[in-house]
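Below: target-v8.cif (mmCIF, C-alpha atoms)
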data_data
#
loop_
_atom_site.label_atom_id
_atom_site.label_comp_id
_atom_site.auth_asym_id
_atom_site.auth_seq_id
_atom_site.Cartn_x
_atom_site.Cartn_y
_atom_site.Cartn_z
CA MET A 193 7.45 5.33 5.73
CA LYS A 194 9.06 7.61 8.30
CA VAL A 195 11.79 6.55 10.71
CA PHE A 196 10.50 6.21 14.29
CA HIS A 197 12.22 6.31 17.69
CA CYS A 198 11.18 5.42 21.21
CA ASP A 199 10.10 8.59 23.01
CA HIS A 200 11.81 7.46 26.23
CA CYS A 201 15.24 6.19 25.15
CA ASP A 202 15.39 7.39 21.50
CA HIS A 203 16.11 3.85 20.29
CA LEU A 204 15.17 3.05 16.70
CA VAL A 205 11.80 1.32 16.41
CA PHE A 206 9.79 0.09 13.45
CA PHE A 207 6.30 0.89 12.24
CA GLU A 208 5.21 -2.62 13.31
CA SER A 209 6.94 -2.58 16.74
CA VAL A 210 4.99 -3.27 19.94
CA ARG A 211 7.82 -2.93 22.47
CA CYS A 212 11.12 -1.06 22.58
CA VAL A 213 13.91 -3.65 22.69
CA LYS A 214 16.11 -1.26 24.68
CA CYS A 215 13.92 0.18 27.46
CA GLU A 216 11.03 -2.29 27.03
CA ARG A 217 8.38 0.43 26.97
CA PRO A 218 5.15 -0.56 25.21
CA LEU A 219 4.75 0.97 21.77
CA ALA A 220 1.81 1.77 19.54
CA TYR A 221 1.19 3.64 16.33
CA LEU A 222 -0.75 6.85 17.00
CA PRO A 223 -2.59 7.78 13.79
CA ASP A 224 -3.40 11.30 15.01
CA GLN A 225 0.30 11.97 15.60
CA GLY A 226 1.63 9.94 12.66
CA VAL A 227 4.23 8.14 14.78
CA THR A 228 4.98 4.80 16.34
CA GLY A 229 5.84 5.86 19.87
CA SER A 230 6.07 4.75 23.46
CA LEU A 231 3.15 4.91 25.88
CA ASP A 232 2.76 5.61 29.59
CA PRO A 233 -0.06 3.93 31.51
CA GLY A 234 -2.76 6.17 32.94
CA GLU A 235 -5.77 5.62 35.16
CA GLY A 236 -8.71 3.51 34.04
CA GLY A 237 -6.78 1.54 31.45
CA VAL A 238 -5.93 4.52 29.25
CA TRP A 239 -2.50 5.42 27.91
CA HIS A 240 -0.65 8.66 27.31
CA SER A 241 2.10 9.66 24.92
CA PRO A 242 5.12 11.58 26.29
CA LEU A 243 5.15 13.67 23.09
CA ALA A 244 4.64 17.35 23.84
CA ARG A 245 2.19 17.73 20.97
CA ALA A 246 0.08 14.86 22.39
CA LYS A 247 -0.34 16.56 25.77
CA GLY A 248 -3.88 16.13 27.01
CA GLN A 249 -4.55 13.22 24.64
CA SER A 250 -5.59 9.84 26.02
CA TYR A 251 -5.48 6.57 24.13
CA LYS A 252 -6.69 3.01 24.32
CA LEU A 253 -5.19 0.08 22.47
CA CYS A 254 -7.03 -1.37 19.49
CA GLN A 255 -9.15 -4.36 20.49
CA ASN A 256 -7.17 -6.52 18.07
CA TYR A 257 -4.06 -5.44 19.99
CA THR A 258 -5.40 -6.40 23.42
CA ASP A 259 -7.46 -9.48 22.45
CA HIS A 260 -5.37 -11.11 19.73
CA ASN A 261 -2.00 -9.32 19.56
CA ILE A 262 -2.73 -8.81 15.85
CA CYS A 263 -2.58 -5.01 15.78
CA ASN A 264 -0.20 -2.36 17.20
CA TRP A 265 -2.32 0.78 16.72
CA ALA A 266 -3.95 2.97 19.33
CA VAL A 267 -7.36 4.66 19.34
CA ALA A 268 -8.46 7.89 20.99
CA ALA A 269 -9.77 6.96 24.44
CA ASP A 270 -13.07 8.73 23.82
CA ASP A 271 -13.65 7.01 20.46
CA SER A 272 -16.83 4.92 20.58
CA ASP A 273 -15.18 2.31 18.33
CA SER A 274 -12.87 -0.16 20.08
CA PHE A 275 -10.98 -0.92 16.86
CA CYS A 276 -8.33 1.29 15.29
CA VAL A 277 -8.87 3.14 12.03
CA SER A 278 -7.38 0.23 10.07
CA CYS A 279 -8.95 -2.75 11.86
CA ARG A 280 -12.47 -1.29 11.81
CA PHE A 281 -12.49 -1.71 8.02
CA THR A 282 -11.99 -5.49 8.31
CA ARG A 283 -15.48 -7.00 8.11
CA VAL A 284 -14.62 -10.72 8.06
CA ILE A 285 -11.56 -12.40 9.56
CA PRO A 286 -10.37 -15.97 8.95
CA ASN A 287 -11.70 -18.83 11.06
CA LEU A 288 -9.22 -18.73 13.96
CA SER A 289 -9.95 -22.34 14.92
CA THR A 290 -8.18 -23.46 11.75
CA PRO A 291 -4.43 -23.98 12.30
CA GLY A 292 -2.35 -21.31 10.61
CA ASN A 293 -5.22 -18.88 10.08
CA LYS A 294 -4.27 -16.54 12.92
CA GLU A 295 -0.75 -16.25 11.53
CA ALA A 296 -2.21 -15.50 8.08
CA TRP A 297 -4.55 -12.89 9.55
CA PHE A 298 -1.60 -11.24 11.30
CA LYS A 299 0.34 -10.93 8.04
CA LEU A 300 -2.71 -9.54 6.24
CA GLU A 301 -3.33 -6.87 8.86
CA VAL A 302 0.36 -5.87 8.93
CA ALA A 303 0.22 -5.21 5.18
CA LYS A 304 -3.15 -3.45 5.43
CA ARG A 305 -1.89 -1.09 8.15
CA ARG A 306 0.98 -0.01 5.91
CA LEU A 307 -1.58 0.65 3.19
CA PHE A 308 -3.66 2.74 5.61
CA TYR A 309 -0.57 4.68 6.68
CA SER A 310 -0.21 5.85 3.06
CA LEU A 311 -3.93 6.55 2.60
CA LEU A 312 -4.04 8.65 5.76
CA SER A 313 -0.84 10.49 4.82
CA LEU A 314 -2.26 11.29 1.38
CA LYS A 315 -5.55 12.46 2.94
CA LEU A 316 -7.56 10.18 0.66
CA PRO A 317 -11.24 9.63 1.53
CA LEU A 318 -11.78 6.73 3.92
CA VAL A 319 -15.38 5.76 4.65
CA SER A 320 -16.35 2.28 5.81
CA LYS A 321 -19.29 0.26 4.57
CA ALA A 322 -20.66 0.47 8.09
CA GLU A 323 -21.06 4.22 7.44
CA SER A 324 -22.06 4.15 3.76
CA GLU A 325 -23.05 1.61 1.10
CA THR A 326 -20.38 3.12 -1.15
CA GLY A 327 -17.73 2.78 1.55
CA LEU A 328 -14.84 0.36 1.97
CA ALA A 329 -14.60 -3.05 3.67
CA PHE A 330 -12.21 -6.01 3.73
CA GLU A 331 -12.97 -9.72 4.01
CA PHE A 332 -10.20 -12.25 4.62
CA LEU A 333 -11.35 -15.72 3.52
CA ASP A 334 -9.90 -19.12 2.80
CA ASP A 335 -11.11 -21.61 0.22
CA ALA A 336 -13.07 -23.49 2.89
CA ASP A 337 -15.33 -20.41 3.13
CA SER A 338 -16.33 -20.68 -0.53
CA LYS A 339 -20.04 -21.38 -0.94
CA ASP A 340 -19.74 -22.85 -4.44
CA GLY A 341 -16.65 -24.98 -3.86
CA LYS A 342 -14.49 -22.73 -6.05
CA PRO A 343 -11.33 -21.03 -4.76
CA VAL A 344 -11.82 -17.62 -3.13
CA LEU A 345 -10.74 -14.93 -5.57
CA THR A 346 -8.79 -11.92 -4.36
CA GLY A 347 -10.46 -8.86 -5.81
CA HIS A 348 -12.58 -5.72 -5.49
CA ASP A 349 -16.32 -5.35 -5.94
CA ASP A 350 -18.04 -2.04 -5.21
CA GLY A 351 -15.85 -1.18 -2.21
CA LEU A 352 -15.54 -4.73 -0.87
CA ILE A 353 -11.98 -6.05 -1.06
CA THR A 354 -11.75 -9.81 -0.66
CA MET A 355 -8.39 -11.39 0.08
CA ASN A 356 -7.69 -15.12 -0.13
CA ILE A 357 -5.60 -15.83 2.96
CA ALA A 358 -3.50 -18.31 0.96
CA GLU A 359 -1.67 -15.21 -0.28
CA ALA A 360 -0.24 -14.87 3.25
CA ASP A 361 1.66 -18.15 2.75
CA ASP A 362 5.01 -17.13 1.26
CA ALA A 363 5.56 -20.43 -0.53
CA GLU A 364 2.05 -20.48 -2.02
CA ARG A 365 2.30 -16.86 -3.09
CA GLU A 366 5.65 -17.56 -4.82
CA ARG A 367 4.13 -20.59 -6.55
CA ARG A 368 1.33 -18.41 -7.87
CA ARG A 369 3.81 -15.76 -8.97
CA HIS A 370 5.64 -18.31 -11.11
CA GLN A 371 2.39 -19.75 -12.42
CA MET A 372 1.19 -16.27 -13.47
CA HIS A 373 4.62 -15.31 -14.91
CA GLU A 374 4.74 -12.25 -12.65
CA LEU A 375 7.84 -10.25 -11.78
CA TYR A 376 6.51 -9.30 -8.37
CA ARG A 377 3.80 -10.52 -5.99
CA THR A 378 3.41 -9.39 -2.37
CA LEU A 379 0.61 -8.98 0.15
CA LEU A 380 1.16 -5.24 0.24
CA GLY A 381 1.06 -5.16 -3.55
CA HIS A 382 -2.32 -6.93 -3.49
CA PHE A 383 -3.76 -4.40 -1.05
CA ARG A 384 -2.44 -1.44 -3.02
CA HIS A 385 -3.78 -2.89 -6.28
CA GLU A 386 -7.29 -3.60 -4.99
CA ILE A 387 -7.57 -0.23 -3.25
CA GLY A 388 -6.66 1.28 -6.62
CA HIS A 389 -9.90 -0.12 -8.04
CA TYR A 390 -11.81 1.39 -5.12
CA TYR A 391 -10.28 4.82 -5.69
CA TRP A 392 -11.00 4.64 -9.41
CA ASP A 393 -14.67 4.55 -8.41
CA GLN A 394 -14.16 7.37 -5.91
CA LEU A 395 -11.91 9.73 -7.89
CA ILE A 396 -12.35 9.00 -11.61
CA LYS A 397 -15.69 7.36 -12.37
CA ASP A 398 -18.20 9.82 -13.90
CA GLY A 399 -15.98 12.72 -12.81
CA PRO A 400 -14.16 15.60 -14.53
CA HIS A 401 -10.97 13.56 -14.99
CA LEU A 402 -12.56 10.69 -16.92
CA ASP A 403 -11.65 11.98 -20.40
CA ARG A 404 -8.00 12.44 -19.48
CA TYR A 405 -8.01 8.99 -17.89
CA ARG A 406 -9.27 7.47 -21.15
CA GLU A 407 -6.59 9.29 -23.14
CA LEU A 408 -3.87 7.70 -21.01
CA PHE A 409 -5.27 4.31 -20.00
CA GLY A 410 -7.92 3.52 -22.61
CA ASP A 411 -11.70 3.17 -22.58
CA GLU A 412 -12.85 1.27 -19.49
CA ARG A 413 -16.19 0.56 -21.19
CA GLU A 414 -14.47 -2.31 -23.01
CA ASP A 415 -16.02 -5.63 -21.92
CA TYR A 416 -13.99 -6.64 -18.87
CA ALA A 417 -14.78 -10.38 -18.96
CA LYS A 418 -13.78 -10.61 -22.63
CA ALA A 419 -10.60 -8.65 -21.94
CA LEU A 420 -9.63 -11.09 -19.18
CA GLU A 421 -10.39 -14.07 -21.41
CA ARG A 422 -8.26 -12.60 -24.19
CA HIS A 423 -5.40 -11.95 -21.77
CA TYR A 424 -5.34 -15.49 -20.41
CA GLN A 425 -5.75 -17.08 -23.84
CA ASN A 426 -3.31 -14.97 -25.82
CA GLY A 427 -0.88 -13.82 -23.17
CA THR A 428 0.86 -10.48 -22.95
CA PRO A 429 1.37 -8.49 -26.16
CA PRO A 430 4.95 -8.05 -27.37
CA ASN A 431 6.82 -4.92 -26.27
CA TRP A 432 4.29 -4.32 -23.51
CA GLN A 433 6.93 -2.53 -21.42
CA ASP A 434 6.83 0.35 -23.91
CA GLN A 435 3.37 1.34 -22.64
CA PHE A 436 2.64 -0.47 -19.35
CA ILE A 437 4.16 -0.85 -15.89
CA SER A 438 3.37 -4.58 -15.73
CA ALA A 439 2.14 -7.39 -17.93
CA TYR A 440 -1.17 -7.54 -16.04
CA ALA A 441 -1.72 -3.83 -16.74
CA THR A 442 -2.23 -4.74 -20.42
CA THR A 443 -5.41 -6.67 -19.58
CA HIS A 444 -7.90 -3.79 -19.37
CA PRO A 445 -7.82 -0.02 -18.64
CA TRP A 446 -9.11 -0.69 -15.12
CA GLU A 447 -6.16 -3.00 -14.44
CA ASP A 448 -3.74 -0.53 -15.98
CA TRP A 449 -5.00 2.12 -13.55
CA ALA A 450 -4.82 -0.25 -10.57
CA GLU A 451 -1.28 -1.38 -11.42
CA THR A 452 -0.13 2.22 -11.94
CA TRP A 453 -1.80 3.27 -8.67
CA THR A 454 -0.03 0.40 -6.90
CA HIS A 455 3.28 1.54 -8.28
CA TYR A 456 2.68 5.11 -7.17
CA LEU A 457 2.11 3.94 -3.58
CA HIS A 458 5.25 1.80 -3.79
CA MET A 459 7.18 4.89 -4.83
CA ILE A 460 5.95 7.34 -2.20
CA ASP A 461 6.41 4.84 0.64
CA THR A 462 9.96 3.88 -0.36
CA LEU A 463 11.02 7.45 -1.16
CA GLU A 464 9.73 8.68 2.20
CA THR A 465 11.83 6.03 3.96
CA ALA A 466 14.94 6.99 2.00
CA SER A 467 14.30 10.69 2.63
CA ASP A 468 13.76 10.25 6.36
CA CYS A 469 17.04 8.29 6.51
CA GLY A 470 18.79 11.19 4.73
CA MET A 471 20.07 8.98 1.92
CA SER A 472 22.33 10.46 -0.73
CA MET A 473 24.18 9.04 -3.71
CA LYS A 474 26.65 11.22 -5.58
CA PRO A 475 27.53 10.09 -9.11
CA LYS A 476 30.99 10.09 -10.60
CA ARG A 477 29.72 11.18 -13.99
CA ALA A 478 26.80 13.34 -15.05
CA ASN A 479 25.05 10.45 -16.84
CA GLU A 480 24.86 8.29 -13.71
CA PRO A 481 21.96 8.20 -11.20
CA GLU A 482 22.03 10.86 -8.51
CA LEU A 483 20.11 10.61 -5.27
CA LYS A 484 19.62 13.61 -3.02
CA LEU A 485 17.06 13.26 -0.29
CA GLY A 486 16.46 14.31 3.29
CA SER A 487 17.19 17.66 4.90
CA GLU A 488 19.39 18.92 2.05
CA LEU A 489 16.28 19.50 -0.09
CA PRO A 490 13.40 21.87 0.67
CA GLU A 491 10.08 20.07 1.17
CA SER A 492 8.51 21.81 -1.83
CA GLU A 493 11.15 20.34 -4.15
CA ARG A 494 10.77 16.86 -2.69
CA LEU A 495 7.06 16.88 -3.51
CA THR A 496 7.28 17.78 -7.21
CA PHE A 497 6.62 14.96 -9.63
CA PRO A 498 9.76 15.46 -11.78
CA ALA A 499 11.92 15.39 -8.66
CA MET A 500 10.10 12.28 -7.51
CA ILE A 501 10.81 10.43 -10.77
CA GLU A 502 14.45 11.54 -10.83
CA ARG A 503 15.03 10.31 -7.30
CA TRP A 504 13.12 7.10 -7.96
CA HIS A 505 15.44 6.12 -10.81
CA ALA A 506 18.45 6.68 -8.57
CA LEU A 507 16.94 4.90 -5.58
CA THR A 508 15.97 1.81 -7.55
CA PHE A 509 19.47 1.65 -9.05
CA LEU A 510 20.79 1.56 -5.50
CA LEU A 511 18.14 -0.91 -4.33
CA ASN A 512 18.87 -3.40 -7.10
CA ASN A 513 22.60 -3.23 -6.54
CA LEU A 514 22.17 -3.75 -2.80
CA ASN A 515 20.06 -6.84 -3.51
CA ARG A 516 22.60 -8.18 -5.97
CA GLY A 517 25.27 -7.70 -3.34
CA MET A 518 23.30 -10.09 -1.13
CA GLY A 519 22.76 -12.58 -3.96
CA LEU A 520 19.05 -11.71 -4.18
CA ALA A 521 16.84 -10.95 -7.14
CA ASP A 522 16.35 -7.31 -8.05
CA GLY A 523 14.13 -5.58 -5.54
CA TYR A 524 12.76 -3.46 -8.37
CA PRO A 525 12.23 -5.60 -11.51
CA PHE A 526 10.39 -2.92 -13.49
CA VAL A 527 11.06 -0.54 -16.37
CA ILE A 528 9.34 2.86 -16.42
CA SER A 529 8.76 4.07 -19.97
CA ALA A 530 7.74 7.60 -20.94
CA PRO A 531 4.02 6.66 -21.32
CA VAL A 532 4.07 5.04 -17.87
CA ILE A 533 5.60 8.19 -16.40
CA GLU A 534 2.66 10.18 -17.79
CA LYS A 535 0.23 7.73 -16.20
CA LEU A 536 2.05 8.06 -12.87
CA ARG A 537 1.95 11.85 -13.25
CA PHE A 538 -1.83 11.64 -13.68
CA VAL A 539 -2.17 9.57 -10.48
CA HIS A 540 0.08 12.06 -8.66
CA GLU A 541 -2.07 15.00 -9.80
CA ILE A 542 -5.32 13.27 -8.82
CA VAL A 543 -3.96 12.48 -5.34
CA ALA A 544 -2.57 16.00 -4.92
CA MET A 545 -5.95 17.53 -5.77
CA ARG A 546 -7.64 15.39 -3.10
CA ALA A 547 -5.13 16.54 -0.49
CA MET A 548 -5.71 20.26 -1.14
#

Is it possible to give me this structure as C-alpha cells?
Amino acid sequence: MKVFHCDHCDHLVFFESVRCVKCERPLAYLPDQGVTGSLDPGEGGVWHSPLARAKGQSYKLCQNYTDHNICNWAVAADDSDSFCVSCRFTRVIPNLSTPGNKEAWFKLEVAKRRLFYSLLSLKLPLVSKAESETGLAFEFLDDADSKDGKPVLTGHDDGLITMNIAEADDAERERRRHQMHELYRTLLGHFRHEIGHYYWDQLIKDGPHLDRYRELFGDEREDYAKALERHYQNGTPPNWQDQFISAYATTHPWEDWAETWTHYLHMIDTLETASDCGMSMKPKRANEPELKLGSELPESERLTFPAMIERWHALTFLLNNLNRGMGLADGYPFVISAPVIEKLRFVHEIVAMRAM
C-alpha cells in the first residue's frame, strides 16, 4: 500500500480515509489515479481532483459511499454503473435490519477494497459474474441466511466467494482461530485466500503452467473431500513447515496454492508500504537482516523476486520486534522454507506474466 497525502494541505491520509482531519476536505480513492486524494465539488453533483494528471476527469462517489457510508471509492462520472469497481462485485449484502450487520458489512468491504487495490495494481483479470458466467462475485451471508439450517461456510465455488459475516466479529474470529489451531486469521487473509482459488481457475487450470504447478504443489486431481476428511481426522503432518507456508496448506494442492497466493499478496502489500515510507535497517554484522527500500533502490531491483525475499526477511524481523516491544504477539508468525520460496517464486512469475 502506498502512502497518501491530502492534495490540498499535504496532510497524511490513509487508504480508508473519507475526510482530511486537517483541512476537512472530502477524500476518496480514485482507482484510475491509484491514490486516495481530496475532491472539489463541481456542477451537477460531480467531483474533481486537484491532481494535474486528473485534469478534465470528473467523478461521482460510489453509491455505497453516498447511501450507506460503507465505501470511500469514486467512480468516473460517465460510468453507467453507480458502484465502484470493488462494490460492483458484491452480489449479496447482509440483512441490514439485523443489529450489527451493517458494521460487519463495513469491515468486509474495507478488507475487500484492500484486496482489489492489489488486484488492480497487479493488473490481474477482473470480470464480474454480471458480465460472464466465469466471472467473480461476492456474497456476504450470516447463518440466518442458511437454507438448510447449517452454518454458512466461507469459501469459493466457480468464481463465487461466500463470506460468513461472523468472521467480521473480532472475538468470534479469534475463537475460531484457536479452535482451528491457526497462527493467523484475518478478514483480509480470508479474501486473499479465496481469491487465490479463483485465480487458480483463471491462471493455472488446463493451462501451460499446470505441469510446473503439480511439480511444486502436488496433483490437484486428488479427491478433495477425502483430503479434507483426512486433514481434520489426522491433523497436520509432522515437520510440515519444511514444505508448507501454513498447516492448512498441507490439506490439498489447491489449498497449498491458495495459502501461498495469500502469502504473496501479504508480502507485496506490506513491502510496498515499507518502500513508500523509505524504510531502512542497517545491520551491525553481515549475518543480520538488512532492509533497504524506497528511493535508494532502482525500481527494477525492487521488483526482482530475490530482492523481494531478502527484504521480506528483514522486514518481518523488524515487524516482530516492534510487536514484541508493544507486548503483542508476533505480527509475522511464519517460517519460509526453501520449498515455500520456490512456490512463492512460481506465483510471482505467474503474476508477472499476466502484467506484461

Could you build a table of the residues in region 425-467 of chain A lying no more than 12 Å from region 313-317 of chain A, giving for each the nearest pair of atoms and their separation in Å rounded to one decimal place, using only C-alpha atoms, ordered by chain and ascending residue number, as a tab-separated table?
residue	atom	partner	partner_atom	distance
A:Tyr456	CA	A:Leu314	CA	11.6
A:Leu457	CA	A:Leu314	CA	9.9
A:Ile460	CA	A:Leu314	CA	9.8
A:Asp461	CA	A:Ser313	CA	10.1
A:Glu464	CA	A:Ser313	CA	11.0

State, in Å with one decimal place, the distance from CA of Leu420 (chain A) to CA of Gly341 (chain A).
->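 So the answer is 21.8 Å.
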
Apply the PyMOL selection byres ((chain A and resi 261) around 12) to the structure shown and report the selected residues as a ChimeraX atom specification.
-> /A:208-210,220,253-260,262-265,294-295,297-299,301-302

Residues of the last selection are to be written out with C-alpha atoms, as a PDB file, in the frame of the given file.
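Output contents, as saved in again.pdb:
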ATOM      1  CA  GLU A 208       5.210  -2.620  13.310  1.00  0.00           C
ATOM      2  CA  SER A 209       6.940  -2.580  16.740  1.00  0.00           C
ATOM      3  CA  VAL A 210       4.990  -3.270  19.940  1.00  0.00           C
ATOM      4  CA  ALA A 220       1.810   1.770  19.540  1.00  0.00           C
ATOM      5  CA  LEU A 253      -5.190   0.080  22.470  1.00  0.00           C
ATOM      6  CA  CYS A 254      -7.030  -1.370  19.490  1.00  0.00           C
ATOM      7  CA  GLN A 255      -9.150  -4.360  20.490  1.00  0.00           C
ATOM      8  CA  ASN A 256      -7.170  -6.520  18.070  1.00  0.00           C
ATOM      9  CA  TYR A 257      -4.060  -5.440  19.990  1.00  0.00           C
ATOM     10  CA  THR A 258      -5.400  -6.400  23.420  1.00  0.00           C
ATOM     11  CA  ASP A 259      -7.460  -9.480  22.450  1.00  0.00           C
ATOM     12  CA  HIS A 260      -5.370 -11.110  19.730  1.00  0.00           C
ATOM     13  CA  ILE A 262      -2.730  -8.810  15.850  1.00  0.00           C
ATOM     14  CA  CYS A 263      -2.580  -5.010  15.780  1.00  0.00           C
ATOM     15  CA  ASN A 264      -0.200  -2.360  17.200  1.00  0.00           C
ATOM     16  CA  TRP A 265      -2.320   0.780  16.720  1.00  0.00           C
ATOM     17  CA  LYS A 294      -4.270 -16.540  12.920  1.00  0.00           C
ATOM     18  CA  GLU A 295      -0.750 -16.250  11.530  1.00  0.00           C
ATOM     19  CA  TRP A 297      -4.550 -12.890   9.550  1.00  0.00           C
ATOM     20  CA  PHE A 298      -1.600 -11.240  11.300  1.00  0.00           C
ATOM     21  CA  LYS A 299       0.340 -10.930   8.040  1.00  0.00           C
ATOM     22  CA  GLU A 301      -3.330  -6.870   8.860  1.00  0.00           C
ATOM     23  CA  VAL A 302       0.360  -5.870   8.930  1.00  0.00           C
TER      24      VAL A 302
END

Tell me which protein, DNA and RNA residues are within 12 Å of region 361-373 of chain A, counting all atoms listed in the file, leaving out same-chain ones fewer than 2 positions away, and put them as a list in words.
->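 These residues fall inside the cut-off: Gly292, Asn293, Lys294, Glu295, Ala296, Trp297, Phe298, Lys299, Leu300, Asp334, Asn356, Ile357, Ala358, Glu359, Leu375, Tyr376, Arg377, Thr378, Leu379, Gly381, His382, His423, Tyr424, Gly427, Thr428, Ser438, Ala439 and Tyr440 of chain A.
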
Selected by the PyMOL selection byres ((chain A and resi 347) around 12) in the shown coordinates: which residues, as a ChimeraX atom specification?
-> /A:329-333,344-346,348-356,382-390,447,450

Output file for the selection above: C-alpha atoms, as a PDB file, in the coordinates of the input:
ATOM      1  CA  ALA A 329     -14.600  -3.050   3.670  1.00  0.00           C
ATOM      2  CA  PHE A 330     -12.210  -6.010   3.730  1.00  0.00           C
ATOM      3  CA  GLU A 331     -12.970  -9.720   4.010  1.00  0.00           C
ATOM      4  CA  PHE A 332     -10.200 -12.250   4.620  1.00  0.00           C
ATOM      5  CA  LEU A 333     -11.350 -15.720   3.520  1.00  0.00           C
ATOM      6  CA  VAL A 344     -11.820 -17.620  -3.130  1.00  0.00           C
ATOM      7  CA  LEU A 345     -10.740 -14.930  -5.570  1.00  0.00           C
ATOM      8  CA  THR A 346      -8.790 -11.920  -4.360  1.00  0.00           C
ATOM      9  CA  HIS A 348     -12.580  -5.720  -5.490  1.00  0.00           C
ATOM     10  CA  ASP A 349     -16.320  -5.350  -5.940  1.00  0.00           C
ATOM     11  CA  ASP A 350     -18.040  -2.040  -5.210  1.00  0.00           C
ATOM     12  CA  GLY A 351     -15.850  -1.180  -2.210  1.00  0.00           C
ATOM     13  CA  LEU A 352     -15.540  -4.730  -0.870  1.00  0.00           C
ATOM     14  CA  ILE A 353     -11.980  -6.050  -1.060  1.00  0.00           C
ATOM     15  CA  THR A 354     -11.750  -9.810  -0.660  1.00  0.00           C
ATOM     16  CA  MET A 355      -8.390 -11.390   0.080  1.00  0.00           C
ATOM     17  CA  ASN A 356      -7.690 -15.120  -0.130  1.00  0.00           C
ATOM     18  CA  HIS A 382      -2.320  -6.930  -3.490  1.00  0.00           C
ATOM     19  CA  PHE A 383      -3.760  -4.400  -1.050  1.00  0.00           C
ATOM     20  CA  ARG A 384      -2.440  -1.440  -3.020  1.00  0.00           C
ATOM     21  CA  HIS A 385      -3.780  -2.890  -6.280  1.00  0.00           C
ATOM     22  CA  GLU A 386      -7.290  -3.600  -4.990  1.00  0.00           C
ATOM     23  CA  ILE A 387      -7.570  -0.230  -3.250  1.00  0.00           C
ATOM     24  CA  GLY A 388      -6.660   1.280  -6.620  1.00  0.00           C
ATOM     25  CA  HIS A 389      -9.900  -0.120  -8.040  1.00  0.00           C
ATOM     26  CA  TYR A 390     -11.810   1.390  -5.120  1.00  0.00           C
ATOM     27  CA  GLU A 447      -6.160  -3.000 -14.440  1.00  0.00           C
ATOM     28  CA  ALA A 450      -4.820  -0.250 -10.570  1.00  0.00           C
TER      29      ALA A 450
END

Using only C-alpha atoms, which of the listed residues (A:Ser529, A:Arg283, A:Glu374, A:Gly470) sits closest to His505 (chain A)?
->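 Using only C-alpha atoms, the shortest distance to His505 (chain A) belongs to A:Ser529.
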
Fix up region 446-450 of chain A with all heavy atoms, then write it as a PDB file, in the coordinates of the input.
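And here's part_21.pdb as it stands now:
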ATOM      1  N   TRP A 446      -8.968  -0.675 -16.576  1.00  0.00           N
ATOM      2  CA  TRP A 446      -9.110  -0.690 -15.120  1.00  0.00           C
ATOM      3  C   TRP A 446      -7.866  -1.275 -14.450  1.00  0.00           C
ATOM      4  O   TRP A 446      -7.409  -0.771 -13.422  1.00  0.00           O
ATOM      5  CB  TRP A 446     -10.333  -1.525 -14.718  1.00  0.00           C
ATOM      6  CG  TRP A 446     -11.638  -0.803 -14.823  1.00  0.00           C
ATOM      7  CD1 TRP A 446     -11.855   0.543 -14.772  1.00  0.00           C
ATOM      8  CD2 TRP A 446     -12.920  -1.416 -14.991  1.00  0.00           C
ATOM      9  NE1 TRP A 446     -13.194   0.817 -14.892  1.00  0.00           N
ATOM     10  CE2 TRP A 446     -13.877  -0.348 -15.038  1.00  0.00           C
ATOM     11  CE3 TRP A 446     -13.355  -2.723 -15.110  1.00  0.00           C
ATOM     12  CZ2 TRP A 446     -15.237  -0.588 -15.184  1.00  0.00           C
ATOM     13  CZ3 TRP A 446     -14.715  -2.956 -15.258  1.00  0.00           C
ATOM     14  CH2 TRP A 446     -15.647  -1.900 -15.296  1.00  0.00           C
ATOM     15  N   GLU A 447      -7.334  -2.360 -15.028  1.00  0.00           N
ATOM     16  CA  GLU A 447      -6.160  -3.000 -14.440  1.00  0.00           C
ATOM     17  C   GLU A 447      -4.912  -2.153 -14.647  1.00  0.00           C
ATOM     18  O   GLU A 447      -4.012  -2.142 -13.799  1.00  0.00           O
ATOM     19  CB  GLU A 447      -5.966  -4.401 -15.022  1.00  0.00           C
ATOM     20  CG  GLU A 447      -7.119  -5.362 -14.764  1.00  0.00           C
ATOM     21  CD  GLU A 447      -7.431  -5.547 -13.280  1.00  0.00           C
ATOM     22  OE1 GLU A 447      -6.574  -5.196 -12.421  1.00  0.00           O
ATOM     23  OE2 GLU A 447      -8.534  -6.024 -12.961  1.00  0.00           O
ATOM     24  N   ASP A 448      -4.859  -1.437 -15.760  1.00  0.00           N
ATOM     25  CA  ASP A 448      -3.740  -0.530 -15.980  1.00  0.00           C
ATOM     26  C   ASP A 448      -3.719   0.561 -14.911  1.00  0.00           C
ATOM     27  O   ASP A 448      -2.677   0.893 -14.335  1.00  0.00           O
ATOM     28  CB  ASP A 448      -3.843   0.083 -17.382  1.00  0.00           C
ATOM     29  CG  ASP A 448      -2.576   0.800 -17.821  1.00  0.00           C
ATOM     30  OD1 ASP A 448      -1.545   0.685 -17.124  1.00  0.00           O
ATOM     31  OD2 ASP A 448      -2.610   1.456 -18.873  1.00  0.00           O
ATOM     32  N   TRP A 449      -4.894   1.119 -14.621  1.00  0.00           N
ATOM     33  CA  TRP A 449      -5.000   2.120 -13.550  1.00  0.00           C
ATOM     34  C   TRP A 449      -4.574   1.530 -12.213  1.00  0.00           C
ATOM     35  O   TRP A 449      -3.784   2.135 -11.473  1.00  0.00           O
ATOM     36  CB  TRP A 449      -6.423   2.655 -13.465  1.00  0.00           C
ATOM     37  CG  TRP A 449      -6.728   3.317 -12.151  1.00  0.00           C
ATOM     38  CD1 TRP A 449      -7.256   2.740 -11.030  1.00  0.00           C
ATOM     39  CD2 TRP A 449      -6.489   4.689 -11.803  1.00  0.00           C
ATOM     40  NE1 TRP A 449      -7.379   3.652 -10.014  1.00  0.00           N
ATOM     41  CE2 TRP A 449      -6.913   4.852 -10.459  1.00  0.00           C
ATOM     42  CE3 TRP A 449      -5.981   5.789 -12.488  1.00  0.00           C
ATOM     43  CZ2 TRP A 449      -6.830   6.086  -9.798  1.00  0.00           C
ATOM     44  CZ3 TRP A 449      -5.900   7.017 -11.823  1.00  0.00           C
ATOM     45  CH2 TRP A 449      -6.321   7.154 -10.498  1.00  0.00           C
ATOM     46  N   ALA A 450      -5.103   0.347 -11.870  1.00  0.00           N
ATOM     47  CA  ALA A 450      -4.820  -0.250 -10.570  1.00  0.00           C
ATOM     48  C   ALA A 450      -3.337  -0.580 -10.414  1.00  0.00           C
ATOM     49  O   ALA A 450      -2.753  -0.396  -9.334  1.00  0.00           O
ATOM     50  CB  ALA A 450      -5.662  -1.513 -10.364  1.00  0.00           C
TER      51      ALA A 450
END
